[in-house]
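Contents: one structure, followed by commentary.
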Amino acid sequence: MNKVFVLVDWQVDFVDAENGVMGFERAKGMDEGIVKKLIEYDSDGGVIITTHDTSIPGEYEETTEGKALGIHTVPGTTGYTLYGKAGKMVADLNVIDIQKITFPSLELAGILKTLDSKFIEETGKGIEQVEFAGVDAAICVTSNIVIAIAALPKAKIVVDSRLIDSYDAEAKEAALKVLKMMLVEVR
């Protein structure tokens with residue numbers, strides 16, 4: 001099966017409550033499950049994509065998002081790095097990394113469409129499944145899922161509800177409800 005795994009914003013600033021600007025304690029508990037997904041996709045020949053939320057000082061503060069949230073995930077800082085065992089593992093894998101400056105990434109759409117064409121050329125089938133994990137469930141994960149749906153209308157989009165979370169537990173549940181309504185397979 002032609003599969004893609006997208007790990008959204010698994011960065012210290014969003015996961016680690018002690019060292020991250022916006023981290024929350026529940027997020028750390030997802031690290032082992034994400035490691036398992038990375039192993040699964042890597043061993044099955046799937047494509048792994050990571051996103052890095054990227055705040056450029058002097059630019060980000062002028063965006064709508066920056067005015068509301070303040071500066072975080074600055075390249076070169078601890079908060080920008082990928083978190084935990086999963087973060088360390090990603091460094092040893094062949095991944096496509098996207099540095100995005102807003103909640104969703106238009107670059108993700110382009111990469112998915114390019115991969116889809118490549119798979120069709122090589123196997124006769126396009127991308128069959130895109131699975132998402134990461135944070136924040138209600139913001140960056142959901143907005144990037146919408147991008148994937150638009151880029152790949154024939155692909156199954158999947159979310160393991162144990163591998164996405166939000167600092168606001170109610171927002172996560174609301175996001176899962178919206179994702180189901182958008183025909184995302186929520187496991």
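Just remember, in the structure tokens the first chain shown is A, the second B, etc., residues are 1-based per chain, and ligands are 1-based in the order shown.
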
Find the residues near stretch 28-31 of chain A: any atom within 9 Å, counting only C-alpha atoms, skip ones fewer than 4 places away on the same chain, and give them as JSON, numbers by chain. {"A": [15, 16, 17, 23, 24, 35, 36, 83, 84, 85, 86, 87, 134, 162, 163, 164, 165]}

Could you write out that same residue set with N, CA, C and O atoms as a tab-separated table (two decimals), in the first residue's frame?
chain	number	residue	atom	x	y	z
A	15	VAL	N	5.13	20.28	23.16
A	15	VAL	CA	4.96	19.01	23.86
A	15	VAL	C	5.41	19.07	25.31
A	15	VAL	O	4.74	18.58	26.21
A	16	ASP	N	6.54	19.68	25.55
A	16	ASP	CA	7.19	19.65	26.87
A	16	ASP	C	6.71	20.80	27.74
A	16	ASP	O	7.06	21.96	27.51
A	17	ALA	N	5.92	20.48	28.76
A	17	ALA	CA	5.36	21.52	29.64
A	17	ALA	C	6.44	22.25	30.43
A	17	ALA	O	6.25	23.41	30.80
A	23	GLY	N	3.85	23.89	25.78
A	23	GLY	CA	3.75	22.46	26.03
A	23	GLY	C	2.69	22.11	27.06
A	23	GLY	O	2.31	22.94	27.89
A	24	PHE	N	2.22	20.86	27.02
A	24	PHE	CA	1.25	20.39	28.00
A	24	PHE	C	1.55	18.94	28.31
A	24	PHE	O	1.99	18.17	27.45
A	35	VAL	N	6.63	6.78	18.08
A	35	VAL	CA	7.80	5.96	17.72
A	35	VAL	C	7.35	4.69	17.00
A	35	VAL	O	7.92	4.31	15.97
A	36	LYS	N	6.32	4.04	17.51
A	36	LYS	CA	5.81	2.82	16.87
A	36	LYS	C	5.33	3.10	15.44
A	36	LYS	O	5.56	2.29	14.53
A	83	TYR	N	10.59	16.56	19.62
A	83	TYR	CA	10.57	16.10	21.00
A	83	TYR	C	10.85	14.60	21.16
A	83	TYR	O	10.39	13.79	20.36
A	84	GLY	N	11.53	14.26	22.22
A	84	GLY	CA	11.62	12.90	22.76
A	84	GLY	C	12.26	11.86	21.87
A	84	GLY	O	13.07	12.16	20.99
A	85	LYS	N	11.86	10.61	22.13
A	85	LYS	CA	12.40	9.48	21.37
A	85	LYS	C	12.03	9.60	19.90
A	85	LYS	O	12.82	9.27	19.02
A	86	ALA	N	10.81	10.04	19.65
A	86	ALA	CA	10.37	10.21	18.26
A	86	ALA	C	11.24	11.24	17.55
A	86	ALA	O	11.67	11.03	16.42
A	87	GLY	N	11.53	12.34	18.23
A	87	GLY	CA	12.38	13.37	17.65
A	87	GLY	C	13.77	12.86	17.33
A	87	GLY	O	14.33	13.16	16.27
A	134	GLY	N	0.34	14.11	16.02
A	134	GLY	CA	1.00	15.34	16.46
A	134	GLY	C	0.10	16.27	17.24
A	134	GLY	O	-0.92	15.88	17.79
A	162	ARG	N	-5.36	8.51	19.74
A	162	ARG	CA	-4.40	8.48	20.86
A	162	ARG	C	-3.11	9.21	20.52
A	162	ARG	O	-2.28	9.44	21.40
A	163	LEU	N	-2.94	9.57	19.23
A	163	LEU	CA	-1.68	10.18	18.80
A	163	LEU	C	-1.82	11.61	18.31
A	163	LEU	O	-0.94	12.15	17.64
A	164	ILE	N	-2.95	12.23	18.64
A	164	ILE	CA	-3.09	13.67	18.46
A	164	ILE	C	-3.65	14.21	19.78
A	164	ILE	O	-4.37	13.51	20.50
A	165	ASP	N	-3.29	15.43	20.09
A	165	ASP	CA	-3.83	16.02	21.32
A	165	ASP	C	-3.76	17.54	21.22
A	165	ASP	O	-3.14	18.09	20.32

Considering only C-alpha atoms, return as a CSV table (one decimal) with N, CA and C atoms, in the first residue's frame whatever protein or nucleic-acid residues lie within 7 Å of stretch 62-79 of chain A, sequence-local ones (same chain, fewer than 6 positions apart) excluded.
chain,number,residue,atom,x,y,z
A,11,GLN,N,7.2,19.3,18.4
A,11,GLN,CA,8.3,20.1,18.8
A,11,GLN,C,8.2,20.4,20.3
A,12,VAL,N,9.4,20.6,20.9
A,12,VAL,CA,9.5,20.8,22.4
A,12,VAL,C,8.6,21.9,22.8
A,13,ASP,N,8.5,23.0,22.1
A,13,ASP,CA,7.6,24.1,22.5
A,13,ASP,C,6.2,23.7,22.6
A,20,GLY,N,8.9,23.8,27.1
A,20,GLY,CA,8.3,24.4,26.0
A,20,GLY,C,7.4,25.6,26.3
A,21,VAL,N,7.3,26.5,25.4
A,21,VAL,CA,6.5,27.7,25.6
A,21,VAL,C,5.0,27.4,25.7
A,53,ASP,N,6.7,23.8,13.0
A,53,ASP,CA,6.1,25.2,13.1
A,53,ASP,C,7.3,26.1,13.2
A,54,THR,N,7.4,27.2,12.4
A,54,THR,CA,8.6,28.0,12.3
A,54,THR,C,8.2,29.5,12.5
A,55,SER,N,8.7,30.0,13.6
A,55,SER,CA,8.5,31.5,13.9
A,55,SER,C,9.8,32.2,13.6
A,56,ILE,N,9.8,33.1,12.6
A,56,ILE,CA,10.9,33.9,12.3
A,56,ILE,C,10.8,35.2,13.1

Best match for closeness to A:Asp44 among A:Asn19, A:Ile147, A:Tyr60, A:Phe5, counting only C-alpha atoms: A:Phe5

Best match for closeness to A:Ile157 among A:Val186, A:Ile101, A:Val135, A:Ile34, counting only C-alpha atoms: A:Val186

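Comparing the minimum interatomic distances between A:Leu112 and each of A:Gln99, A:Gln129, A:Thr142, A:Asn94, counting only C-alpha atoms, we find that A:Gln129 sits nearest.
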
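Nearest residue to A:Tyr80, choosing from A:Glu185, A:Asp168, A:Asp160, A:Asp9 and counting only C-alpha atoms: A:Asp9.
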
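Secondary structure of stretch 39-80 of chain A, strand (DSSP E) only (DSSP, backbone atoms): Val47, Ile48, Ile49, Thr50, Thr51, His52 and Asp53 of chain A.
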
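With distances restricted to only C-alpha atoms, A:Ala137 is the closest residue to A:Ala171 from A:Ala137, A:Gly58, A:Met89, A:Met22.
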
Taking the backbone alone, and naming residues the way the document does, which bits of stretch 3-182 of chain A are alpha helix (DSSP H) by DSSP, as a ChimeraX atom specification? /A:12-15,25-28,31-43,64-69,84-90,106-123,142-151,169-181

I'd like the neighbourhood of A:Val130 as a PyMOL selection string, where a residue qualifies if any of its atoms comes within 9 Å (using only C-alpha atoms), though same-chain residues fewer than 4 positions away should be ignored. chain A and resi 2-6+145+148+155-159

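When atom CA of A:Leu183 is paired with atom CA of A:Val90, their separation reads 29.0 Å.
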
Between A:Leu82, A:Leu176, A:Ala133, A:Cys140, which is the closest to A:Thr102 once you count only C-alpha atoms? A:Cys140
